[in-house]
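A.B. asks: Just so it is clear, I am handing over input12.cif, which has mmCIF, C-alpha atoms.
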data_query
loop_
_atom_site.label_atom_id
_atom_site.label_comp_id
_atom_site.auth_asym_id
_atom_site.auth_seq_id
_atom_site.Cartn_x
_atom_site.Cartn_y
_atom_site.Cartn_z
CA MET X 16 -40.58 -3.74 79.89
CA ALA X 17 -43.06 -0.94 80.67
CA ALA X 18 -43.24 -2.13 84.28
CA VAL X 19 -39.46 -1.98 84.56
CA PHE X 20 -39.42 1.65 83.36
CA ALA X 21 -42.28 2.56 85.71
CA GLY X 22 -40.37 1.08 88.65
CA ALA X 23 -37.26 3.00 87.69
CA LEU X 24 -39.28 6.23 87.66
CA LEU X 25 -40.53 5.59 91.19
CA LEU X 26 -37.02 4.91 92.43
CA THR X 27 -35.91 8.38 91.34
CA GLY X 28 -38.14 9.92 93.97
CA CYS X 29 -40.05 12.01 91.39
CA ARG X 30 -43.57 12.82 92.48
CA THR X 31 -44.69 15.03 89.60
CA SER X 32 -43.74 15.28 85.93
CA GLN X 33 -42.37 18.81 86.47
CA THR X 34 -40.17 17.59 89.33
CA CYS X 35 -38.88 14.75 87.15
CA LYS X 36 -38.22 17.13 84.29
CA ARG X 37 -36.26 19.51 86.50
CA GLN X 38 -34.26 16.72 88.11
CA ASN X 39 -33.48 15.19 84.75
CA GLN X 40 -32.31 18.52 83.39
CA GLU X 41 -30.07 19.05 86.41
CA THR X 42 -28.65 15.54 86.09
CA MET X 43 -28.06 16.01 82.37
CA ALA X 44 -26.41 19.41 82.67
CA THR X 45 -22.80 19.46 81.52
CA THR X 46 -20.77 22.62 81.30
CA LEU X 47 -18.98 23.10 77.99
CA ASN X 48 -16.37 25.70 77.21
CA LEU X 49 -18.19 27.54 74.44
CA THR X 50 -16.47 30.22 72.41
CA GLN X 51 -18.48 33.43 72.54
CA GLU X 52 -16.69 35.27 69.74
CA TRP X 53 -17.87 34.97 66.13
CA ASP X 54 -15.15 32.67 64.76
CA LYS X 55 -17.06 31.30 61.79
CA LYS X 56 -16.00 31.08 58.16
CA PHE X 57 -18.91 33.19 56.96
CA PRO X 58 -20.15 36.67 57.89
CA LYS X 59 -22.86 37.08 60.50
CA SER X 60 -26.26 37.93 59.04
CA ASP X 61 -28.26 40.84 60.38
CA LYS X 62 -31.42 39.00 59.34
CA VAL X 63 -31.14 36.39 62.09
CA GLU X 64 -30.68 36.16 65.84
CA HIS X 65 -27.83 33.90 66.97
CA THR X 66 -27.33 32.15 70.30
CA LYS X 67 -25.29 29.22 71.59
CA VAL X 68 -27.19 26.24 72.97
CA THR X 69 -26.45 22.74 74.25
CA PHE X 70 -28.38 19.50 74.28
CA ARG X 71 -27.81 15.94 75.40
CA ASN X 72 -27.89 12.73 73.37
CA ARG X 73 -29.06 9.29 74.46
CA TYR X 74 -25.50 8.27 75.32
CA GLY X 75 -25.19 11.06 77.87
CA LEU X 76 -22.97 13.32 75.77
CA THR X 77 -23.64 17.06 75.70
CA LEU X 78 -23.51 18.60 72.23
CA ALA X 79 -22.79 22.23 71.41
CA ALA X 80 -24.79 24.06 68.76
CA ASP X 81 -25.37 27.46 67.23
CA LEU X 82 -29.03 28.41 67.07
CA TYR X 83 -30.21 30.72 64.30
CA LYS X 84 -33.67 32.28 64.32
CA PRO X 85 -35.24 34.80 61.95
CA ALA X 86 -34.93 38.24 63.51
CA GLY X 87 -38.15 39.30 65.19
CA ALA X 88 -39.88 35.98 64.55
CA THR X 89 -42.78 35.06 66.82
CA GLY X 90 -44.92 31.97 67.24
CA LYS X 91 -44.02 28.41 66.37
CA LEU X 92 -41.58 27.92 63.49
CA ALA X 93 -40.54 25.03 61.29
CA ALA X 94 -37.07 23.90 62.35
CA VAL X 95 -34.05 22.16 60.81
CA ALA X 96 -31.01 20.56 62.48
CA VAL X 97 -27.80 20.74 60.44
CA SER X 98 -24.40 19.05 60.65
CA GLY X 99 -21.41 18.21 58.47
CA PRO X 100 -19.18 17.73 56.64
CA PHE X 101 -17.53 14.68 58.20
CA GLY X 102 -14.65 16.04 60.26
CA ALA X 103 -15.80 19.67 60.05
CA VAL X 104 -17.22 21.91 62.77
CA LYS X 105 -20.31 24.08 63.01
CA GLU X 106 -18.25 27.20 62.33
CA GLN X 107 -17.74 26.00 58.77
CA VAL X 108 -20.27 24.58 56.30
CA SER X 109 -23.14 23.56 58.57
CA GLY X 110 -23.31 27.01 60.13
CA LEU X 111 -23.59 28.63 56.71
CA TYR X 112 -26.45 26.31 55.76
CA ALA X 113 -28.19 26.88 59.10
CA GLN X 114 -27.89 30.66 58.96
CA THR X 115 -29.12 30.79 55.37
CA LEU X 116 -32.17 28.66 56.20
CA ALA X 117 -32.88 30.98 59.13
CA GLU X 118 -32.79 33.92 56.71
CA ASN X 119 -35.56 32.06 54.89
CA GLY X 120 -37.81 31.70 57.91
CA TYR X 121 -36.59 28.57 59.71
CA LEU X 122 -35.36 28.10 63.25
CA THR X 123 -32.15 26.12 62.84
CA ILE X 124 -29.31 24.62 64.82
CA ALA X 125 -25.87 23.72 63.51
CA PHE X 126 -24.21 21.30 65.91
CA ASP X 127 -20.81 19.73 66.52
CA PRO X 128 -21.05 15.92 66.60
CA SER X 129 -20.10 13.94 69.69
CA TYR X 130 -16.37 13.89 70.48
CA THR X 131 -15.59 16.83 68.19
CA GLY X 132 -15.56 20.61 68.11
CA GLU X 133 -17.06 22.18 71.23
CA SER X 134 -19.17 19.12 72.02
CA ALA X 135 -18.39 16.66 74.82
CA GLY X 136 -16.97 13.16 74.56
CA GLU X 137 -13.77 11.50 75.68
CA PRO X 138 -11.49 10.44 74.18
CA ARG X 139 -11.60 13.15 71.56
CA TYR X 140 -11.94 12.76 67.79
CA VAL X 141 -13.97 9.54 67.71
CA ALA X 142 -16.57 8.79 65.02
CA SER X 143 -19.34 6.20 65.27
CA PRO X 144 -22.09 5.26 62.80
CA ASP X 145 -24.46 4.66 65.72
CA ILE X 146 -23.62 7.59 68.00
CA ASN X 147 -23.43 10.07 65.12
CA THR X 148 -26.82 8.94 63.82
CA GLU X 149 -28.10 9.37 67.37
CA ASP X 150 -26.71 12.93 67.37
CA PHE X 151 -29.27 13.93 64.73
CA SER X 152 -32.15 12.42 66.70
CA ALA X 153 -30.86 14.14 69.85
CA ALA X 154 -30.96 17.42 67.95
CA VAL X 155 -34.59 16.64 67.10
CA ASP X 156 -35.23 15.94 70.80
CA TYR X 157 -33.92 19.41 71.58
CA LEU X 158 -35.99 21.10 68.88
CA PHE X 159 -39.11 19.29 70.10
CA SER X 160 -38.50 20.72 73.60
CA ARG X 161 -38.65 24.33 72.44
CA ASP X 162 -41.87 26.34 72.73
CA ASP X 163 -41.05 28.22 69.52
CA VAL X 164 -40.81 25.07 67.35
CA ASP X 165 -43.72 23.47 65.53
CA THR X 166 -42.97 19.79 66.21
CA ALA X 167 -44.97 18.71 63.16
CA ARG X 168 -42.48 20.60 60.96
CA VAL X 169 -38.96 19.44 61.82
CA GLY X 170 -36.30 18.39 59.32
CA VAL X 171 -32.58 17.70 59.10
CA LEU X 172 -29.84 18.64 56.67
CA GLY X 173 -26.52 16.82 56.43
CA ILE X 174 -23.49 17.72 54.34
CA CYS X 175 -20.84 15.34 52.96
CA GLY X 176 -20.50 12.35 55.34
CA TRP X 177 -23.28 13.77 57.43
CA GLY X 178 -25.57 13.67 54.40
CA GLY X 179 -25.59 9.88 54.56
CA ILE X 180 -25.93 10.01 58.35
CA ALA X 181 -28.93 12.37 58.00
CA ILE X 182 -30.72 9.90 55.73
CA GLN X 183 -29.88 7.04 58.11
CA ALA X 184 -31.32 9.07 61.00
CA ALA X 185 -34.50 9.78 59.02
CA ILE X 186 -34.98 6.08 58.28
CA ASN X 187 -35.01 5.40 62.01
CA ASP X 188 -36.76 8.54 63.26
CA PRO X 189 -40.19 9.37 61.76
CA ARG X 190 -40.25 12.70 63.60
CA ILE X 191 -37.90 13.90 60.84
CA LYS X 192 -40.40 15.00 58.21
CA ALA X 193 -37.91 16.18 55.57
CA THR X 194 -34.23 15.45 54.94
CA VAL X 195 -31.70 17.17 52.69
CA ALA X 196 -28.39 15.42 51.97
CA SER X 197 -25.98 17.81 50.26
CA THR X 198 -22.89 16.48 48.42
CA MET X 199 -23.28 13.30 50.47
CA TYR X 200 -20.95 10.43 51.28
CA ASP X 201 -21.96 6.97 52.48
CA MET X 202 -19.24 6.63 55.13
CA THR X 203 -19.93 2.92 55.63
CA ARG X 204 -19.49 2.18 51.94
CA VAL X 205 -16.31 4.17 51.43
CA SER X 206 -14.79 2.79 54.64
CA ALA X 207 -15.51 -0.83 53.72
CA ASN X 208 -15.07 -0.68 49.96
CA GLY X 209 -12.72 2.22 49.28
CA TYR X 210 -13.42 4.90 46.68
CA TYR X 211 -15.45 3.68 43.72
CA ASP X 212 -15.58 0.27 45.46
CA GLY X 213 -11.98 -0.37 44.43
CA GLU X 214 -11.25 -2.29 47.66
CA ASN X 215 -14.49 -4.26 47.81
CA THR X 216 -13.04 -7.65 48.67
CA ALA X 217 -12.89 -9.70 51.85
CA ALA X 218 -9.09 -9.75 51.60
CA ALA X 219 -8.90 -5.96 51.46
CA ARG X 220 -11.28 -5.52 54.40
CA ASN X 221 -9.47 -8.14 56.46
CA ALA X 222 -6.18 -6.36 55.81
CA LYS X 223 -7.74 -3.12 57.08
CA ARG X 224 -9.11 -4.90 60.15
CA ALA X 225 -5.71 -6.41 60.91
CA ALA X 226 -3.97 -3.05 60.61
CA LEU X 227 -6.56 -1.31 62.76
CA ALA X 228 -6.45 -4.07 65.39
CA ALA X 229 -2.67 -3.67 65.57
CA GLN X 230 -3.15 0.09 65.95
CA ARG X 231 -5.54 -0.52 68.86
CA THR X 232 -2.80 -2.46 70.60
CA GLU X 233 -0.29 0.35 70.07
CA ASP X 234 -2.75 3.00 71.21
CA TYR X 235 -3.41 1.11 74.43
CA ARG X 236 0.28 0.62 75.10
CA ASN X 237 1.02 4.27 74.38
CA GLY X 238 -1.92 5.63 76.34
CA ALA X 239 -2.81 7.86 73.40
CA TYR X 240 -4.64 7.54 70.11
CA GLN X 241 -2.86 7.87 66.79
CA ARG X 242 -4.46 10.50 64.59
CA ALA X 243 -5.23 9.63 60.98
CA GLY X 244 -4.25 13.02 59.62
CA GLY X 245 -6.61 15.55 58.10
CA VAL X 246 -6.45 16.83 54.54
CA ILE X 247 -2.98 16.09 53.21
CA ASP X 248 -0.49 18.96 53.58
CA PRO X 249 1.72 19.75 51.74
CA LEU X 250 -0.35 18.91 48.70
CA PRO X 251 1.36 16.57 46.20
CA ASP X 252 1.41 17.73 42.60
CA ASP X 253 -0.22 14.49 41.48
CA ALA X 254 -3.06 14.60 44.02
CA PRO X 255 -6.53 13.80 42.59
CA GLN X 256 -8.63 16.86 41.83
CA PHE X 257 -11.04 16.20 44.70
CA VAL X 258 -8.12 16.14 47.15
CA LYS X 259 -6.97 19.48 45.72
CA ASP X 260 -10.51 20.76 46.23
CA TYR X 261 -10.47 19.63 49.85
CA TYR X 262 -7.12 21.36 50.36
CA ASP X 263 -8.48 24.56 48.82
CA TYR X 264 -11.24 24.61 51.41
CA TYR X 265 -9.79 23.18 54.61
CA LYS X 266 -6.18 24.34 54.36
CA THR X 267 -6.66 27.91 53.21
CA PRO X 268 -8.34 30.96 54.78
CA ARG X 269 -11.44 30.03 52.80
CA GLY X 270 -12.36 27.27 55.28
CA TYR X 271 -9.53 26.58 57.73
CA HIS X 272 -10.65 26.36 61.36
CA SER X 273 -8.54 25.45 64.37
CA ARG X 274 -11.15 22.99 65.71
CA SER X 275 -11.82 21.26 62.39
CA LEU X 276 -10.38 17.76 62.13
CA ASN X 277 -10.13 18.03 58.35
CA SER X 278 -8.11 21.22 58.72
CA ASN X 279 -5.77 19.63 61.25
CA GLU X 280 -4.76 16.10 62.34
CA GLY X 281 -7.97 14.24 61.57
CA TRP X 282 -9.88 11.54 63.41
CA ASN X 283 -8.37 8.89 65.62
CA THR X 284 -7.13 6.23 63.20
CA THR X 285 -9.24 3.48 64.77
CA SER X 286 -12.47 5.47 64.33
CA VAL X 287 -12.97 3.74 60.98
CA LEU X 288 -13.38 0.31 62.62
CA PRO X 289 -17.17 0.30 63.20
CA PHE X 290 -17.84 1.71 59.74
CA LEU X 291 -16.25 -1.40 58.21
CA ASN X 292 -18.97 -3.61 59.70
CA PHE X 293 -21.94 -1.21 59.55
CA LYS X 294 -24.15 -0.68 56.53
CA PHE X 295 -26.27 2.43 56.06
CA PHE X 296 -29.56 2.36 54.12
CA GLU X 297 -30.43 -1.31 54.75
CA TYR X 298 -34.04 -0.21 55.23
CA ALA X 299 -34.01 2.86 53.01
CA GLY X 300 -37.05 1.60 51.11
CA GLU X 301 -39.08 1.94 54.30
CA LEU X 302 -38.41 5.68 54.69
CA GLU X 303 -41.77 7.36 54.13
CA ASN X 304 -40.85 11.00 54.68
CA ALA X 305 -39.37 13.31 52.06
CA VAL X 306 -35.72 13.33 50.97
CA LEU X 307 -33.77 15.65 48.67
CA ILE X 308 -30.27 14.57 47.61
CA VAL X 309 -28.18 17.37 46.09
CA HIS X 310 -24.90 16.76 44.25
CA GLY X 311 -22.57 18.62 41.98
CA GLU X 312 -22.37 17.35 38.41
CA LYS X 313 -18.59 16.98 38.72
CA ALA X 314 -18.50 15.76 42.33
CA HIS X 315 -16.39 12.64 42.92
CA SER X 316 -18.96 11.70 45.57
CA ARG X 317 -21.93 11.80 43.23
CA TYR X 318 -22.18 8.01 43.01
CA PHE X 319 -22.94 7.79 46.75
CA GLY X 320 -26.01 9.98 46.37
CA GLU X 321 -27.20 8.30 43.19
CA ALA X 322 -26.95 4.87 44.82
CA ALA X 323 -28.82 6.02 47.93
CA TYR X 324 -31.52 7.62 45.79
CA GLN X 325 -32.12 4.31 43.98
CA LEU X 326 -32.91 2.67 47.32
CA LEU X 327 -35.54 5.23 48.31
CA LYS X 328 -39.20 4.66 47.49
CA GLY X 329 -42.09 7.02 46.91
CA ASP X 330 -42.77 10.16 44.94
CA ASN X 331 -41.45 12.49 47.68
CA LYS X 332 -37.80 11.58 47.01
CA GLU X 333 -35.68 13.69 44.65
CA LEU X 334 -32.14 13.76 43.26
CA TYR X 335 -30.98 17.22 42.16
CA ILE X 336 -27.73 17.64 40.20
CA VAL X 337 -26.08 21.07 40.14
CA PRO X 338 -24.54 21.70 36.68
CA GLY X 339 -20.75 22.12 36.68
CA ALA X 340 -20.36 21.92 40.47
CA SER X 341 -17.72 19.92 42.34
CA HIS X 342 -18.08 18.30 45.77
CA THR X 343 -16.69 21.26 47.72
CA ASP X 344 -18.57 23.83 45.63
CA LEU X 345 -21.55 22.83 47.77
CA TYR X 346 -19.62 23.68 50.95
CA ASP X 347 -19.76 27.44 50.52
CA GLY X 348 -20.87 27.93 46.93
CA GLY X 349 -17.38 28.21 45.45
CA GLU X 350 -16.59 30.87 42.90
CA ASN X 351 -19.88 30.27 41.07
CA GLN X 352 -22.06 30.25 44.22
CA ALA X 353 -23.25 26.77 43.31
CA ILE X 354 -25.35 25.90 46.37
CA PRO X 355 -28.96 25.70 45.09
CA TRP X 356 -30.50 27.63 47.97
CA ALA X 357 -33.78 28.21 46.17
CA LYS X 358 -34.19 24.47 45.55
CA ILE X 359 -33.39 23.55 49.15
CA VAL X 360 -35.74 26.18 50.59
CA GLU X 361 -38.48 25.15 48.15
CA PHE X 362 -38.10 21.53 49.28
CA PHE X 363 -38.39 22.40 52.97
CA ASN X 364 -41.27 24.81 52.31
CA LYS X 365 -43.16 22.05 50.54
CA ASN X 366 -42.50 19.27 53.03
CA LEU X 367 -42.52 21.23 56.28
CA ARG X 368 -45.75 23.07 55.60
#
Give the structure from this file in structure tokens form.
C.D. replies:
Amino acid sequence: MAAVFAGALLLTGCRTSQTCKRQNQETMATTLNLTQEWDKKFPKSDKVEHTKVTFRNRYGLTLAADLYKPAGATGKLAAVAVSGPFGAVKEQVSGLYAQTLAENGYLTIAFDPSYTGESAGEPRYVASPDINTEDFSAAVDYLFSRDDVDTARVGVLGICGWGGIAIQAAINDPRIKATVASTMYDMTRVSANGYYDGENTAAARNAKRAALAAQRTEDYRNGAYQRAGGVIDPLPDDAPQFVKDYYDYYKTPRGYHSRSLNSNEGWNTTSVLPFLNFKFFEYAGELENAVLIVHGEKAHSRYFGEAAYQLLKGDNKELYIVPGASHTDLYDGGENQAIPWAKIVEFFNKNLR
């Protein structure tokens, strides 16, 4: 295999590593239409410097990110890549987490996953357990390429569905020295089993597969993808409390954003297909680097984090429960400012020394 790669390198016509690097960068360059105005759901901090950046994943997709750096910082810094929630954009929750970590001394990026937000990918609004896990490692690739990043001190932070994806990425990528999963979902489990595993039967999964296969046929015939719908609107009076909480964030000025799938028409319906047959955390016991799982005491999603925590091994894994907090309280703090910033910063300070 090494000989095959060496031959491929020669065929490119590269004669020096710098020439190869420049040619690769030119080949990989993709122009994205990046919004330059501050259109985020949180105020801009005067303690950090903000710029827009792009990077490329292993599938050839260019991802858009906001980079936050402590104002006036010099030298090599510890760095953290942030994404989530599932169906959100970097102008919402992940940007708040990234900016706050930058206020505490970290160089951070909050990125839009492939096929969403300002990132590339056609057709739009597609999710993938493989490609989205790759997105985190691609973010690490980018951070490793920067002269102002200490590559021995790089971590990731995922929120909601991206919390589970962050842990999955860390299992596969030992460059990730510390991982925080905040108010996490296991998207493979909820897709295959339903909430609280209420649909965990072969018959239920086969019914989903049949419906999704039929939708694929219709999409192909129509030349367009049916959208699954974002957070339900109008909100039924009998909606579960966690659905009301989602509405309160995504459908009100508190968190609504025009590029957010959860605020609008949602993912393509057939995006759920690969999650039915994919299982996160199969090798969670082999993850050696540090993990902090943070959940609200009252979060409907708490069981995902508790189950993932039970699979992790070693004394550098921690489950932290925030008293009285719901799932979405850890999006922006909620009325009680429930995000445990001090705990998260302490964890990264300890494990990204």
A.B. asks: Give me the result of the PyMOL selection byres ((chain X and resi 356) around 12) on this file, residue by residue, as a ChimeraX atom specification.
C.D. replies: /X:111-119,195,197,309,335,337,345-348,352-355,357-364
A.B. asks: Mind pulling up the distance from CA of Tyr235 in chain X to CA of Ser129 in chain X?
C.D. replies: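 Between CA of Ser129 in chain X and CA of Tyr235 in chain X the gap is 21.6 Å.
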A.B. asks: Please write the residues picked by the PyMOL selection byres ((chain X and resi 148-159) around 10) on this file as a ChimeraX atom specification.
C.D. replies: /X:68-74,76-78,80,93-98,122-129,143-147,160-173,177,179-185,187-191
A.B. asks: Restricting the calculation to only C-alpha atoms: of X:Ser341, X:Phe101, X:Phe293, X:Tyr200, which residue gets closest to Gln256 in chain X?
C.D. replies: X:Ser341
A.B. asks: Excluding range 45-55 of chain X and its own-chain neighbours fewer than 2 positions away, which residues fall within 10 Å of it when counting all atoms listed in the file? Please give them as a count of residues only.
C.D. replies: 34
A.B. asks: May I ask for the distance between CA of Asn331 in chain X and CA of Lys365 in chain X, given in Å to one decimal place?
C.D. replies: 10.1 Å
A.B. asks: Residues picked by the PyMOL selection byres ((chain X and resi 323) around 9) here, as an mmCIF file with C-alpha atoms, keeping the file's coordinate frame?
C.D. replies:
data_model
loop_
_atom_site.group_PDB
_atom_site.id
_atom_site.type_symbol
_atom_site.label_atom_id
_atom_site.label_comp_id
_atom_site.auth_asym_id
_atom_site.auth_seq_id
_atom_site.Cartn_x
_atom_site.Cartn_y
_atom_site.Cartn_z
ATOM 1 C CA GLY X 179 -25.590 9.880 54.560
ATOM 2 C CA ILE X 182 -30.720 9.900 55.730
ATOM 3 C CA ASP X 201 -21.960 6.970 52.480
ATOM 4 C CA PHE X 296 -29.560 2.360 54.120
ATOM 5 C CA ALA X 299 -34.010 2.860 53.010
ATOM 6 C CA ILE X 308 -30.270 14.570 47.610
ATOM 7 C CA TYR X 318 -22.180 8.010 43.010
ATOM 8 C CA PHE X 319 -22.940 7.790 46.750
ATOM 9 C CA GLY X 320 -26.010 9.980 46.370
ATOM 10 C CA GLU X 321 -27.200 8.300 43.190
ATOM 11 C CA ALA X 322 -26.950 4.870 44.820
ATOM 12 C CA TYR X 324 -31.520 7.620 45.790
ATOM 13 C CA GLN X 325 -32.120 4.310 43.980
ATOM 14 C CA LEU X 326 -32.910 2.670 47.320
ATOM 15 C CA LEU X 327 -35.540 5.230 48.310
#
